[in-house]
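work_28.cif (mmCIF, C-alpha atoms)
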```cif
data_run
#
loop_
_atom_site.label_atom_id
_atom_site.label_comp_id
_atom_site.auth_asym_id
_atom_site.auth_seq_id
_atom_site.Cartn_x
_atom_site.Cartn_y
_atom_site.Cartn_z
CA MET G 16 0.00 0.00 0.00
CA PHE G 17 1.21 3.48 -0.92
CA ILE G 18 2.03 5.36 2.31
CA ASP G 19 1.74 9.02 1.39
CA LEU G 20 3.56 10.95 4.09
CA ARG G 21 3.17 14.55 2.96
CA ILE G 22 -0.43 15.65 2.66
CA HIS G 23 -1.63 19.02 3.92
CA SER G 24 -5.13 19.57 5.26
CA LEU G 25 -7.02 22.78 6.11
CA ASN G 26 -4.78 23.14 9.16
CA SER G 27 -1.64 23.70 7.09
CA GLY G 28 -2.54 25.44 3.86
CA GLY G 29 -4.77 22.77 2.28
CA VAL G 30 -8.47 22.98 1.43
CA ASP G 31 -9.87 19.78 2.99
CA SER G 32 -10.53 18.73 6.54
CA PRO G 33 -8.30 15.94 7.92
CA LEU G 34 -11.28 13.56 7.99
CA ARG G 35 -12.08 14.31 4.35
CA ILE G 36 -8.48 13.59 3.37
CA ALA G 37 -8.65 10.31 5.29
CA GLU G 38 -11.93 9.46 3.51
CA GLU G 39 -10.55 10.24 0.03
CA ALA G 40 -7.31 8.38 0.72
CA LYS G 41 -9.33 5.33 1.76
CA ARG G 42 -11.18 5.42 -1.58
CA LEU G 43 -7.84 5.50 -3.39
CA GLY G 44 -6.37 2.72 -1.26
CA VAL G 45 -3.67 5.00 0.14
CA ARG G 46 -2.50 5.25 3.76
CA PRO G 47 -2.41 9.01 4.39
CA GLY G 48 0.08 10.88 6.55
CA LEU G 49 -1.01 14.39 7.45
CA CYS G 50 1.88 16.77 7.73
CA ASP G 51 0.07 19.47 9.72
CA GLY G 52 2.13 19.62 12.89
CA ILE G 53 -0.93 18.33 14.78
CA ALA G 54 -1.07 14.86 16.31
CA TYR G 55 -4.38 13.35 15.09
CA GLU G 56 -5.88 10.21 16.53
CA GLY G 57 -6.05 7.27 14.17
CA VAL G 58 -4.25 9.04 11.29
CA LEU G 59 -0.50 9.17 10.70
CA SER G 60 0.60 12.62 11.79
CA GLY G 61 3.85 14.33 10.99
CA ILE G 62 5.39 17.72 11.48
CA GLU G 63 7.06 19.81 8.81
CA VAL G 64 9.85 21.87 10.33
CA ARG G 65 10.57 25.15 8.56
CA ALA G 66 13.67 27.14 9.40
CA GLU G 67 15.53 30.05 7.84
CA SER G 68 19.00 29.03 8.96
CA ARG G 69 20.89 25.95 10.14
CA ARG G 70 21.01 27.22 13.70
CA LYS G 71 17.25 27.81 13.77
CA LEU G 72 16.70 24.35 12.28
CA VAL G 73 18.71 22.66 15.05
CA ARG G 74 16.77 24.65 17.65
CA ALA G 75 13.43 23.79 16.05
CA LEU G 76 14.31 20.09 15.86
CA ARG G 77 15.21 20.11 19.55
CA SER G 78 11.70 21.31 20.44
CA VAL G 79 9.85 18.75 18.25
CA GLU G 80 7.68 16.64 20.50
CA GLU G 81 7.76 12.85 20.48
CA LYS G 82 4.06 12.50 19.71
CA PHE G 83 4.56 12.78 15.94
CA ASP G 84 4.91 9.70 13.75
CA TYR G 85 7.59 11.31 11.58
CA VAL G 86 9.54 14.53 11.17
CA VAL G 87 9.89 16.32 7.83
CA VAL G 88 12.19 19.25 7.10
CA HIS G 89 11.05 21.83 4.55
CA GLY G 90 13.96 21.78 2.11
CA GLY G 91 15.08 24.02 -0.72
CA ASP G 92 17.80 26.14 0.84
CA ALA G 93 21.29 24.65 0.34
CA GLY G 94 22.28 25.12 3.99
CA ILE G 95 19.03 23.62 5.28
CA ASN G 96 19.31 20.65 2.90
CA ARG G 97 22.80 19.94 4.20
CA ALA G 98 21.95 20.43 7.88
CA ALA G 99 18.79 18.30 7.65
CA THR G 100 20.52 15.30 6.09
CA ARG G 101 23.17 15.41 8.80
CA ASP G 102 20.64 15.29 11.64
CA GLY G 103 19.48 11.89 12.91
CA ARG G 104 16.24 13.39 14.28
CA VAL G 105 15.02 14.08 10.75
CA ASP G 106 13.13 11.38 8.83
CA ILE G 107 12.47 13.12 5.52
CA LEU G 108 14.01 16.04 3.69
CA ALA G 109 11.09 17.39 1.66
CA HIS G 110 11.52 18.82 -1.85
CA PRO G 111 15.24 19.74 -1.64
CA TYR G 112 14.85 21.20 -5.16
CA ARG G 113 12.13 23.75 -4.35
CA GLY G 114 12.94 27.21 -5.69
CA ARG G 115 16.31 26.06 -7.01
CA ARG G 116 17.83 25.63 -10.44
CA ASP G 117 19.57 22.40 -9.39
CA SER G 118 18.28 19.31 -7.59
CA GLY G 119 19.43 20.56 -4.17
CA VAL G 120 21.22 17.25 -3.58
CA ASP G 121 24.96 17.08 -4.19
CA THR G 122 27.43 14.31 -3.49
CA VAL G 123 28.07 15.54 0.07
CA ILE G 124 24.34 15.55 0.90
CA ALA G 125 23.93 12.18 -0.81
CA ARG G 126 26.69 10.60 1.34
CA GLN G 127 25.32 12.20 4.50
CA ALA G 128 21.75 11.05 3.79
CA ALA G 129 22.92 7.49 3.14
CA LYS G 130 24.83 7.53 6.44
CA SER G 131 22.18 9.16 8.63
CA GLY G 132 19.19 7.36 7.07
CA VAL G 133 17.36 10.57 6.12
CA ALA G 134 15.09 9.94 3.13
CA ILE G 135 14.93 12.49 0.31
CA GLU G 136 11.40 13.27 -0.80
CA ILE G 137 10.10 13.51 -4.34
CA ASP G 138 6.61 14.99 -4.52
CA LEU G 139 4.45 14.15 -7.49
CA TRP G 140 2.51 17.39 -7.38
CA SER G 141 5.62 19.42 -8.27
CA ILE G 142 5.77 17.44 -11.53
CA ILE G 143 2.03 17.34 -12.25
CA SER G 144 1.57 21.08 -11.67
CA ALA G 145 4.58 22.13 -13.76
CA ARG G 146 4.12 22.78 -17.45
CA SER G 147 6.38 22.84 -20.47
CA PHE G 148 9.97 23.86 -19.70
CA ALA G 149 9.34 24.03 -15.93
CA ARG G 150 8.34 20.36 -16.02
CA VAL G 151 11.46 19.50 -18.01
CA ARG G 152 13.60 21.12 -15.29
CA GLN G 153 11.61 19.37 -12.59
CA ILE G 154 12.07 15.95 -14.22
CA GLN G 155 15.80 16.64 -14.62
CA LYS G 156 16.06 17.37 -10.89
CA VAL G 157 14.23 14.14 -10.00
CA GLN G 158 16.43 12.11 -12.35
CA ARG G 159 19.56 13.63 -10.81
CA ILE G 160 18.35 12.63 -7.32
CA LEU G 161 17.56 9.13 -8.61
CA MET G 162 21.05 8.83 -10.14
CA LEU G 163 22.68 9.93 -6.87
CA SER G 164 20.48 7.53 -4.90
CA ARG G 165 21.62 4.63 -7.10
CA LYS G 166 25.24 5.63 -6.60
CA TYR G 167 25.30 6.50 -2.89
CA GLY G 168 22.42 4.37 -1.60
CA PHE G 169 20.25 6.91 0.21
CA ASP G 170 16.49 6.36 0.34
CA ILE G 171 13.99 8.19 -1.83
CA VAL G 172 10.47 8.59 -0.51
CA ALA G 173 7.65 9.39 -2.93
CA THR G 174 4.73 11.49 -1.76
CA SER G 175 1.84 13.22 -3.47
CA GLY G 176 2.59 16.60 -1.84
CA ALA G 177 -1.17 17.12 -2.00
CA LYS G 178 -2.96 20.17 -0.66
CA SER G 179 -6.37 19.15 -1.93
CA ARG G 180 -8.42 15.98 -2.49
CA TYR G 181 -7.83 16.14 -6.25
CA GLU G 182 -4.07 16.11 -5.82
CA LEU G 183 -3.95 12.71 -4.12
CA ARG G 184 -2.82 9.79 -6.27
CA SER G 185 -3.38 6.06 -5.87
CA GLN G 186 -0.53 3.55 -5.74
CA ARG G 187 -1.02 2.51 -9.37
CA GLU G 188 -1.09 6.12 -10.55
CA ALA G 189 1.95 7.17 -8.51
CA GLU G 190 3.84 4.10 -9.72
CA ALA G 191 3.00 4.88 -13.37
CA VAL G 192 4.25 8.47 -12.97
CA LEU G 193 7.48 7.32 -11.29
CA LEU G 194 8.07 4.76 -14.07
CA SER G 195 7.72 7.51 -16.66
CA LEU G 196 10.35 9.52 -14.76
CA GLY G 197 12.92 6.73 -15.08
CA PHE G 198 12.36 4.68 -11.91
CA THR G 199 12.28 0.90 -12.19
CA ARG G 200 9.19 -0.81 -10.77
CA GLU G 201 11.17 -2.02 -7.74
CA GLU G 202 12.56 1.46 -7.07
CA ALA G 203 9.08 2.97 -7.33
CA ARG G 204 7.60 0.46 -4.87
CA HIS G 205 10.57 0.92 -2.56
CA ALA G 206 9.95 4.70 -2.52
CA MET G 207 6.19 4.36 -2.01
CA GLU G 208 5.94 1.49 0.48
CA THR G 209 9.20 0.18 1.91
CA VAL G 210 10.88 3.48 2.81
CA PRO G 211 7.83 5.14 4.47
CA GLY G 212 7.07 1.86 6.27
CA ARG G 213 10.63 1.72 7.55
CA ILE G 214 10.48 5.35 8.74
CA LEU G 215 7.28 4.70 10.70
CA GLU G 216 8.66 1.49 12.21
CA ARG G 217 11.85 3.24 13.29
CA ARG G 218 9.84 6.00 14.98
CA ARG G 219 7.55 3.47 16.66
CA LEU G 220 10.51 1.56 18.09
CA ALA G 221 12.15 4.82 19.22
CA LYS G 222 8.97 5.71 21.14
CA CYS G 223 9.13 2.36 22.98
CA GLU G 224 12.77 2.89 23.97
CA LEU G 225 12.97 3.71 27.68
CA SER G 226 16.71 4.31 27.72
CA GLN G 227 19.59 3.31 25.50
CA GLY G 228 19.29 -0.41 24.83
CA VAL G 229 16.11 -0.83 26.94
CA ARG G 230 12.87 -1.14 25.03
CA LEU G 231 9.29 -1.57 26.23
CA VAL G 232 7.97 -4.72 24.52
CA GLU G 233 4.26 -4.98 23.82
CA ASP G 234 2.49 -8.32 24.43
CA MET E 25 -1.61 -5.44 -31.45
CA ARG E 26 -3.28 -6.42 -28.22
CA LYS E 27 -5.40 -3.71 -26.64
CA ARG E 28 -5.99 -2.70 -23.07
CA TYR E 29 -8.93 -0.65 -21.87
CA ILE E 30 -8.47 1.65 -18.88
CA ALA E 31 -11.53 2.86 -16.98
CA PHE E 32 -11.34 6.25 -15.27
CA CYS E 33 -13.59 8.77 -13.62
CA ALA E 34 -13.26 12.54 -13.65
CA GLU E 35 -13.39 14.18 -10.24
CA GLY E 36 -13.65 17.91 -9.84
CA ASP E 37 -15.81 20.67 -8.44
CA ARG E 38 -18.03 20.62 -11.54
CA CYS E 39 -19.02 18.19 -14.28
CA PHE E 40 -16.71 18.13 -17.29
CA LYS E 41 -17.63 17.71 -20.95
CA ARG E 42 -16.24 14.95 -23.15
CA GLU E 43 -14.27 17.42 -25.30
CA GLU E 44 -12.65 18.99 -22.25
CA VAL E 45 -11.60 15.58 -20.88
CA ALA E 46 -10.27 14.42 -24.28
CA LYS E 47 -8.24 17.61 -24.65
CA ALA E 48 -6.83 17.28 -21.13
CA ILE E 49 -5.79 13.64 -21.65
CA PHE E 50 -4.13 14.26 -25.01
CA SER E 51 -2.32 17.43 -24.00
CA SER E 52 -1.06 15.61 -20.90
CA ALA E 53 0.11 12.59 -22.93
CA LEU E 54 1.71 14.80 -25.61
CA ALA E 55 3.48 16.93 -23.02
CA MET E 56 4.94 13.91 -21.24
CA PHE E 57 5.65 11.44 -24.06
CA GLY E 58 5.68 13.50 -27.26
CA GLU E 59 3.96 12.84 -30.57
CA ALA E 60 5.97 9.71 -31.41
CA GLY E 61 5.36 8.34 -27.91
CA VAL E 62 1.59 8.86 -28.08
CA ALA E 63 1.50 7.31 -31.57
CA GLN E 64 3.23 4.22 -30.18
CA MET E 65 0.83 4.09 -27.24
CA ASN E 66 -2.20 4.08 -29.55
CA LEU E 67 -4.00 6.09 -26.89
CA TRP E 68 -7.61 6.99 -27.65
CA LEU E 69 -10.59 8.14 -25.62
CA LEU E 70 -13.33 5.68 -26.54
CA ASP E 71 -16.17 6.74 -24.30
CA PHE E 72 -17.00 9.33 -21.68
CA ASP E 73 -20.36 9.49 -19.95
CA GLU E 74 -20.98 13.12 -18.99
CA ASP E 75 -23.71 12.20 -16.49
CA ARG E 76 -21.64 9.69 -14.59
CA GLN E 77 -18.32 11.47 -15.27
CA GLU E 78 -16.62 8.21 -16.15
CA GLY E 79 -15.26 6.67 -19.29
CA PHE E 80 -12.44 4.60 -20.72
CA VAL E 81 -9.41 4.95 -22.95
CA VAL E 82 -7.80 2.31 -25.11
CA CYS E 83 -4.06 1.78 -25.51
CA SER E 84 -1.62 -0.91 -26.58
CA HIS E 85 -0.90 -3.64 -24.02
CA LEU E 86 2.74 -2.52 -23.79
CA SER E 87 1.92 1.03 -22.77
CA VAL E 88 -0.59 0.64 -19.93
CA ASP E 89 1.74 2.38 -17.46
CA ARG E 90 2.27 5.29 -19.84
CA ALA E 91 -1.48 5.64 -20.38
CA ILE E 92 -2.16 5.63 -16.62
CA ALA E 93 0.64 8.16 -16.15
CA SER E 94 -0.97 10.38 -18.82
CA LEU E 95 -4.27 10.25 -16.94
CA SER E 96 -2.76 10.93 -13.54
CA LEU E 97 -0.60 13.78 -14.85
CA VAL E 98 -3.78 15.73 -15.58
CA GLY E 99 -3.92 18.30 -12.80
CA GLU E 100 -6.60 20.56 -14.17
CA ILE E 101 -9.29 20.59 -16.83
CA SER E 102 -10.22 23.90 -18.48
CA GLY E 103 -8.47 25.83 -15.73
CA GLU E 104 -10.10 23.99 -12.82
CA ARG E 105 -8.45 21.49 -10.50
CA ALA E 106 -9.43 17.93 -11.42
CA HIS E 107 -8.28 14.35 -11.09
CA LEU E 108 -8.77 11.67 -13.72
CA ARG E 109 -8.75 8.68 -11.42
CA SER E 110 -7.81 5.35 -13.02
CA LEU E 111 -10.28 2.70 -11.91
CA GLY E 112 -8.85 -0.40 -13.55
CA VAL E 113 -7.45 -2.11 -16.62
CA SER E 114 -9.06 -4.83 -18.67
CA GLY E 115 -8.57 -6.67 -21.97
CA THR E 116 -12.20 -6.36 -23.10
CA VAL E 117 -14.78 -3.59 -22.92
CA LYS E 118 -17.35 -6.03 -21.54
CA ALA E 119 -15.19 -7.02 -18.56
CA LEU E 120 -14.19 -3.40 -18.00
CA LYS E 121 -17.82 -2.29 -17.75
CA ARG E 122 -18.68 -5.17 -15.45
CA LYS E 123 -15.74 -4.68 -13.10
CA PHE E 124 -15.06 -0.97 -12.91
CA LEU E 125 -17.71 1.26 -14.44
CA ASN E 126 -21.03 2.51 -13.02
CA ARG E 127 -19.53 2.73 -9.56
CA SER E 128 -18.49 6.36 -9.33
CA ARG E 129 -19.99 8.48 -6.61
CA HIS E 130 -22.63 11.07 -7.26
CA PHE E 131 -22.84 14.36 -5.51
CA ILE E 132 -26.32 15.69 -4.91
CA ASN E 133 -27.12 19.31 -4.22
CA ALA E 134 -27.57 20.17 -0.57
CA GLU E 135 -28.34 23.25 1.42
CA GLY E 136 -27.44 24.46 4.85
CA THR E 137 -24.78 26.25 6.82
CA ALA E 138 -22.16 24.65 8.96
CA LYS E 139 -19.39 25.60 11.33
CA PHE E 140 -15.99 23.98 11.37
CA MET E 141 -12.78 25.21 13.04
CA GLY E 142 -14.71 28.31 14.13
CA LYS E 143 -15.43 29.27 10.52
CA GLU E 144 -18.73 29.32 8.68
CA PHE E 145 -19.46 27.38 5.53
CA ALA E 146 -22.43 27.03 3.19
CA VAL E 147 -22.84 23.37 2.26
CA VAL E 148 -23.60 23.03 -1.46
CA ARG E 149 -23.42 19.31 -2.27
CA GLU E 150 -22.93 15.96 -0.60
CA SER E 151 -22.26 12.32 -1.33
CA GLY E 152 -22.37 9.73 1.46
CA GLU E 153 -20.16 10.96 4.28
CA CYS E 154 -18.47 13.65 2.15
CA CYS E 155 -19.79 17.14 1.62
CA ASP E 156 -18.45 20.16 -0.23
CA ALA E 157 -18.92 23.66 1.09
CA VAL E 158 -18.27 27.29 0.17
CA PRO E 159 -16.41 29.23 2.85
CA VAL E 160 -17.63 32.58 4.11
CA ASP E 161 -14.12 33.39 5.30
CA GLU E 162 -12.16 35.47 2.75
CA GLU E 163 -8.79 33.85 3.53
CA LEU E 164 -10.15 30.37 2.74
CA ALA E 165 -11.87 31.69 -0.41
CA GLU E 166 -8.51 33.07 -1.56
CA ARG E 167 -6.87 29.73 -0.79
CA LEU E 168 -9.46 27.99 -2.97
CA ARG E 169 -8.92 30.46 -5.82
CA HIS E 170 -5.19 29.85 -5.62
CA ARG E 171 -5.79 26.09 -5.94
CA LYS E 172 -8.29 26.67 -8.78
CA MET E 173 -11.11 25.11 -6.78
CA ARG E 174 -14.61 26.10 -5.70
CA PHE E 175 -15.36 24.03 -2.63
CA ILE E 176 -13.77 23.13 0.68
CA GLY E 177 -13.91 19.38 1.35
CA LEU E 178 -15.55 18.38 4.62
CA THR E 179 -17.28 15.32 6.04
CA LYS E 180 -20.52 15.05 7.97
CA ARG E 181 -18.54 14.10 11.04
CA ASP E 182 -16.74 17.46 10.82
CA LEU E 183 -20.07 19.26 10.71
CA ARG E 184 -21.38 17.29 13.68
CA GLY E 185 -18.25 18.41 15.53
CA GLU E 186 -16.95 14.89 16.27
#
```
Now that the file is in, can you turn its structure into structure tokens?
Amino acid sequence: MFIDLRIHSLNSGGVDSPLRIAEEAKRLGVRPGLCDGIAYEGVLSGIEVRAESRRKLVRALRSVEEKFDYVVVHGGDAGINRAATRDGRVDILAHPYRGRRDSGVDTVIARQAAKSGVAIEIDLWSIISARSFARVRQIQKVQRILMLSRKYGFDIVATSGAKSRYELRSQREAEAVLLSLGFTREEARHAMETVPGRILERRRLAKCELSQGVRLVED
Amino acid sequence: MRKRYIAFCAEGDRCFKREEVAKAIFSSALAMFGEAGVAQMNLWLLDFDEDRQEGFVVCSHLSVDRAIASLSLVGEISGERAHLRSLGVSGTVKALKRKFLNRSRHFINAEGTAKFMGKEFAVVRESGECCDAVPVDEELAERLRHRKMRFIGLTKRDLRGE
């Protein structure tokens, strides 16, 4: 099942209530993750950390509460991209290419992300919404990230980046778009299911950890 | 050449005409795969029911993924946000109709006002648990305009305050 970890509801710039998003995602057969910075009951909830500088990012990450299922950093700035991939508290670096001419991921960031386990996000909406030459640039950026991922081994996580119910995509649709961007079927499934599943599992285990090496085991 | 039929439904804040949907699908396919690519795909819109807002395209069996990508890369139709949702793939029209078509949801007009998150909305249509509403709040109206949409998506549980 496609686990879509970056969806925005009315509470963070979207146009649908969290329940409506959950309802629409259920129709599409997608497990939704709402990235509103609010911990909802029964729905995967994440927080998107926005910071203007590296120092502010570190401070913001320190104050992120444990109640969230995953932590996303709003990427785009070169310094933020680099700082986020170095930090073990971050799960996903969202759209490192936003507002940039390049992909926002260089060899240093690629090595760091592979080492720290931070996944680099590719949002489908940035490709769907772009037209003509802007889409060409966007696809080039995604292909560059894919090439670096193959070389350095960091994880790519695919999301819809949806801010409305019409921007959500089902697993089959997302897979078809990723295939047309140059992903293999295995890579696409890895980015849609395995990587988000692994992120959630890691967070769940971290929540159960009482101290280093001591974990609360459920019956 | 073996053919594959792909059922889809158009979802948006209004009903779309067949010509609008055909134009959206072909411009999306042409933009992504080019003229030679679309010629190889043998992509064609065979039917679109304007009442039910669902239809199907035909393509070659080797280009099903490309055809689905063309449908899902449609972000708007005639300047309004829309989603051409792929429902399923089949080798015959008969099986396609039996398995996937005539199942889309229908919105019916509704009336009433509602409050959610301390803001007022005028409910305009509903389908099952889902209902669409027009916001009174100017900031939300601007947000909708920016996303090329008309309605805020809510559920009946939201309106009941659960």
Just to confirm, what's the straight-line distance from CA of Trp68 in chain E to CA of Arg28 in chain E in Å (one decimal)?
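That distance, rounded to one decimal, is 10.8 Å.
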Target residues per the PyMOL selection byres ((chain E) within 7 of (chain G)), formatted as a ChimeraX atom specification:
/E:89-90,92-93,96-99,105-107,154,168,176-179
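Comparing G:Leu220, G:Val120, G:Leu49, G:Val133 by their smallest distance to Gly176 in chain G, the closest is G:Leu49 (using only C-alpha atoms).
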Could you tell me which residues the PyMOL selection byres ((chain E and resi 47) around 12) grabs in this file, written as a PDB file with C-alpha atoms, in the coordinates of the input?
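Written out: out.pdb:
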```
ATOM      1  CA  PHE E  40     -16.710  18.130 -17.290  1.00  0.00           C
ATOM      2  CA  LYS E  41     -17.630  17.710 -20.950  1.00  0.00           C
ATOM      3  CA  ARG E  42     -16.240  14.950 -23.150  1.00  0.00           C
ATOM      4  CA  GLU E  43     -14.270  17.420 -25.300  1.00  0.00           C
ATOM      5  CA  GLU E  44     -12.650  18.990 -22.250  1.00  0.00           C
ATOM      6  CA  VAL E  45     -11.600  15.580 -20.880  1.00  0.00           C
ATOM      7  CA  ALA E  46     -10.270  14.420 -24.280  1.00  0.00           C
ATOM      8  CA  ALA E  48      -6.830  17.280 -21.130  1.00  0.00           C
ATOM      9  CA  ILE E  49      -5.790  13.640 -21.650  1.00  0.00           C
ATOM     10  CA  PHE E  50      -4.130  14.260 -25.010  1.00  0.00           C
ATOM     11  CA  SER E  51      -2.320  17.430 -24.000  1.00  0.00           C
ATOM     12  CA  SER E  52      -1.060  15.610 -20.900  1.00  0.00           C
ATOM     13  CA  ALA E  53       0.110  12.590 -22.930  1.00  0.00           C
ATOM     14  CA  LEU E  54       1.710  14.800 -25.610  1.00  0.00           C
ATOM     15  CA  ALA E  55       3.480  16.930 -23.020  1.00  0.00           C
ATOM     16  CA  TRP E  68      -7.610   6.990 -27.650  1.00  0.00           C
ATOM     17  CA  LEU E  69     -10.590   8.140 -25.620  1.00  0.00           C
ATOM     18  CA  SER E  94      -0.970  10.380 -18.820  1.00  0.00           C
ATOM     19  CA  LEU E  95      -4.270  10.250 -16.940  1.00  0.00           C
ATOM     20  CA  VAL E  98      -3.780  15.730 -15.580  1.00  0.00           C
ATOM     21  CA  GLU E 100      -6.600  20.560 -14.170  1.00  0.00           C
ATOM     22  CA  ILE E 101      -9.290  20.590 -16.830  1.00  0.00           C
ATOM     23  CA  SER E 102     -10.220  23.900 -18.480  1.00  0.00           C
TER      24      SER E 102
END
```
Which residue of E:Leu86, E:Cys155, E:Met173, E:Val117 approaches Arg26 in chain E most closely, using all atoms listed in the file:
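Ranked by minimum distance to Arg26 in chain E, first place goes to E:Leu86.
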Point (-5.5, 1.3, -27.5), cut-off 12 Å, counting all atoms listed in the file, residues as a short mmCIF file (atom, residue, chain, number, x, y, z; two decimals) with C-alpha atoms, keeping the file's coordinate frame:
```cif
data_model
loop_
_atom_site.label_atom_id
_atom_site.label_comp_id
_atom_site.auth_asym_id
_atom_site.auth_seq_id
_atom_site.Cartn_x
_atom_site.Cartn_y
_atom_site.Cartn_z
CA MET E 25 -1.61 -5.44 -31.45
CA ARG E 26 -3.28 -6.42 -28.22
CA LYS E 27 -5.40 -3.71 -26.64
CA ARG E 28 -5.99 -2.70 -23.07
CA TYR E 29 -8.93 -0.65 -21.87
CA ILE E 30 -8.47 1.65 -18.88
CA VAL E 62 1.59 8.86 -28.08
CA ALA E 63 1.50 7.31 -31.57
CA GLN E 64 3.23 4.22 -30.18
CA MET E 65 0.83 4.09 -27.24
CA ASN E 66 -2.20 4.08 -29.55
CA LEU E 67 -4.00 6.09 -26.89
CA TRP E 68 -7.61 6.99 -27.65
CA LEU E 69 -10.59 8.14 -25.62
CA LEU E 70 -13.33 5.68 -26.54
CA PHE E 80 -12.44 4.60 -20.72
CA VAL E 81 -9.41 4.95 -22.95
CA VAL E 82 -7.80 2.31 -25.11
CA CYS E 83 -4.06 1.78 -25.51
CA SER E 84 -1.62 -0.91 -26.58
CA HIS E 85 -0.90 -3.64 -24.02
CA LEU E 86 2.74 -2.52 -23.79
CA SER E 87 1.92 1.03 -22.77
CA VAL E 88 -0.59 0.64 -19.93
CA ARG E 90 2.27 5.29 -19.84
CA ALA E 91 -1.48 5.64 -20.38
CA VAL E 113 -7.45 -2.11 -16.62
CA SER E 114 -9.06 -4.83 -18.67
CA GLY E 115 -8.57 -6.67 -21.97
CA THR E 116 -12.20 -6.36 -23.10
CA VAL E 117 -14.78 -3.59 -22.92
#
```
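Straight-line separation from CA of Val123 in chain G to CA of Ile154 in chain G: 21.5 Å.
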Report the distance between CA of Thr209 in chain G and CA of Phe17 in chain G in Å, rounded to one decimal place.
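That distance, rounded to one decimal, is 9.1 Å.
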Assuming the chain letters and numbering stay as they are in my file, what does the PyMOL selection byres ((chain G and resi 169) around 12) actually select? List them as a PyMOL selection string.
chain G and resi 100+107-108+120+122-136+160-168+170-172+202+205-206+210
